[in-house]
Amino acid sequence: MASAPSPDPGPSGGGTALSGGTDLPGPHDTAPDLGFEYHPPTVTRSAKLLITGPFGVGKTTLVGAVAPLVLRMDESMTEASVGVDDLRGTPQKTTTTVAMDFGRLHLNESLVLYLFGTPGQARFRPLWEGLADGALGALVLVDTRDLDHSHDVLDLLEEYGTPYAVAINRFDDAVEYPLDEVRQALDLDGSTPLTVCDARDRDSCVRALITLVEYLSARQLESRP
Amino acid sequence: MSGPRRDPDVVRPYVRTGGRSRPSRDVRLETLVIAADSPLQGLEPDARRVFAVCRGGVLAVAEIAAGLELPASVVRILVSGLMDSGHLAAPVRRSRADAPTTDLLKEVLHGLRSIA
């Protein structure tokens with residue numbers, strides 16, 4: 001297989017409209033063929049957060065709401081395909097190309113934050129090594145209409161030791177459950193932050209990210225001897 | 001004799017990176033690089049494209065992958081090779097450890113609060 005399925009088109013069903021806002025051309029826009037700007041020369045450091053969750057939960061929507069521009073890159077993933085789509089029944093590996101969306105946010109003149117939309121289905125495990133490595137933490141988006149599909153991603157986060165906070169993406173037609181019930185259904189640790197956001201709304205997404213980073217910061221202080 | 005169907009992508013990343021399957025150094029998707037003042041001569045076509053695009057300014061590995069439409073894993077390997085050969089460098093020498101520091105988290109927090 002060499003197709004490039006988007007692991008998460010988001011609740012709007014989009015996936016081709018990659019521009020989440022305006023990214024005004026600046027003095028550093030010296031390579032028009034890239035389709036986006038270089039960083040200003042003062043940018044020397046980067047940090048990474050994962051935006052993850054099950055298929056269709058709104059990961060790309062959130063990245064687009066927060067970052068001025070959503071970019072798409074391809075990643076190749078090698079997986080054993082036996083029993084899935086191998087007609088011969090012989091064990092072999094296939095390489096699948098997965099499209100992943102990400103955004104960047106300049107937090108001050110030297111630091112850029114990357115938000116990587118990270119597919120949370122178990123079958124994307126091979127992608128996680130490169131994504132989780134160096135990530136400060138992850139924001140897990142969940143849909144209360146379909147909490148069962150969130151267990152895969154929580155398992156992956158535990159496996160990779162990536163600290164996380166959970167945000168319920170409030171869909172218009174979803175029933176509002178008390179947070180305690182959602183916490184229980186997801187079997188979340190008492191210290192794991194659980195918040196509510198609207199992936200289309202910038203302010204609520206930024207607040208959810210702040211909740212995550214506050215937690216990461218407090219967690220790191222506690223773990224110091 | 002008919003062997004199993006081969007996906008061209010199985011072969012391509014390997015060939016594209018000169019036979020390497022892993023980066024030679026810690027190069028992540030968010031790693032920032034910029035071209036050093038080195039000649040293009042002697043570089044393989046894909047490495048040449050990566051180096052050429054990095055001459056324009058600071059980019060992260062993921063952005064090089066997006067801009068050149070190359071798989072990110074391939075770009076990681078090409079970038080690590082180009083750093084080994086001195087064609088690419090980090091924008092400044094970084095002194096912080098691999099593990100995130102409290103200061104970086106505080107800085108991210110402060111930055112997010114400033115845009116909230």
# chains A, B, ... in the order shown; residues from 1 in each chain; ligands from 1
call {"tool": "interface_residues", "arguments": {"of": "chain A", "to": "chain B", "cutoff": "7 Å", "atoms": "only C-alpha atoms", "output": "VMD selection string"}}
result
chain A and resid 1 to 2 30 to 31 34 to 35 38 to 39 41 44 46 to 48 71 to 76 94 to 95 107 to 108 114 130 136 203 206 to 207 210 213 to 214 217 220
call {"tool": "select_by_dssp", "arguments": {"residues": "range 43-103 of chain B", "states": "strand (DSSP E)", "output": "PyMOL selection string"}}
result
chain B and resi 59-60+88-89
call {"tool": "residues_around", "arguments": {"residues": "Ala138 in chain A", "least_positions_apart": "5", "cutoff": "10 Å", "atoms": "only C-alpha atoms", "output": "PyMOL selection string"}}
result
chain A and resi 48-53+115-118+132+157+162-166+209+212-213+216
call {"tool": "write_last_selection", "arguments": {"atoms": "C-alpha atoms", "output": "CSV table (one decimal), in the first residue's frame"}}
result
chain,number,residue,atom,x,y,z
A,48,LYS,CA,6.9,19.5,20.9
A,49,LEU,CA,3.5,18.6,22.1
A,50,LEU,CA,1.4,15.8,20.7
A,51,ILE,CA,-2.3,16.3,20.0
A,52,THR,CA,-3.7,12.9,19.9
A,53,GLY,CA,-6.9,10.8,20.2
A,115,LEU,CA,1.8,20.6,17.8
A,116,PHE,CA,1.8,17.3,16.1
A,117,GLY,CA,-1.6,15.7,15.3
A,118,THR,CA,-0.8,12.1,16.2
A,132,ALA,CA,6.8,10.6,21.3
A,157,LEU,CA,0.8,7.0,26.0
A,162,THR,CA,4.4,10.3,27.6
A,163,PRO,CA,2.6,12.4,30.3
A,164,TYR,CA,-0.8,13.7,29.2
A,165,ALA,CA,-4.0,15.6,29.9
A,166,VAL,CA,-7.4,14.8,28.5
A,209,LEU,CA,-2.9,23.4,26.3
A,212,LEU,CA,-1.6,20.4,30.0
A,213,VAL,CA,1.6,22.4,30.5
A,216,LEU,CA,3.6,18.9,33.2
call {"tool": "residues_around", "arguments": {"residues": "Leu40 in chain B", "least_positions_apart": "5", "cutoff": "10 Å", "atoms": "only C-alpha atoms", "output": "MDAnalysis selection string"}}
result
chainID B and resid 45 47:49 51:52 87
call {"tool": "atom_distance", "arguments": {"atom1": "CA of Ala35 in chain B", "atom2": "CA of Leu111 in chain A"}}
result
19.1 Å
call {"tool": "atom_distance", "arguments": {"atom1": "CA of Arg22 in chain B", "atom2": "CA of Leu78 in chain B"}}
result
9.6 Å
call {"tool": "atom_distance", "arguments": {"atom1": "CA of Val140 in chain A", "atom2": "CA of Ser204 in chain A"}}
result
14.4 Å
call {"tool": "decode", "arguments": {"residues": "range 41-66 of chain B", "atoms": "C-alpha atoms", "output": "compact mmCIF listing (two decimals), in the first residue's frame"}}
result
# COMPACT_ATOMS: atom_id res chain seq x y z
CA GLN B 41 29.02 19.16 -4.77
CA GLY B 42 29.10 15.49 -4.02
CA LEU B 43 25.67 15.27 -2.43
CA GLU B 44 23.08 12.75 -3.56
CA PRO B 45 19.96 14.29 -5.16
CA ASP B 46 17.69 14.12 -2.09
CA ALA B 47 20.42 15.30 0.29
CA ARG B 48 21.10 18.11 -2.15
CA ARG B 49 17.44 19.16 -2.07
CA VAL B 50 17.40 19.15 1.73
CA PHE B 51 20.61 21.15 1.91
CA ALA B 52 19.40 23.62 -0.74
CA VAL B 53 16.13 24.29 1.04
CA CYS B 54 17.94 24.81 4.34
CA ARG B 55 20.00 27.59 2.78
CA GLY B 56 16.92 29.80 2.98
CA GLY B 57 16.77 29.89 6.78
CA VAL B 58 15.90 27.95 9.91
CA LEU B 59 13.52 24.99 9.44
CA ALA B 60 12.48 21.99 11.49
CA VAL B 61 12.84 18.47 10.11
CA ALA B 62 9.05 18.16 9.84
CA GLU B 63 8.92 21.35 7.78
CA ILE B 64 11.61 20.09 5.41
CA ALA B 65 9.56 16.90 5.00
CA ALA B 66 6.38 18.89 4.35
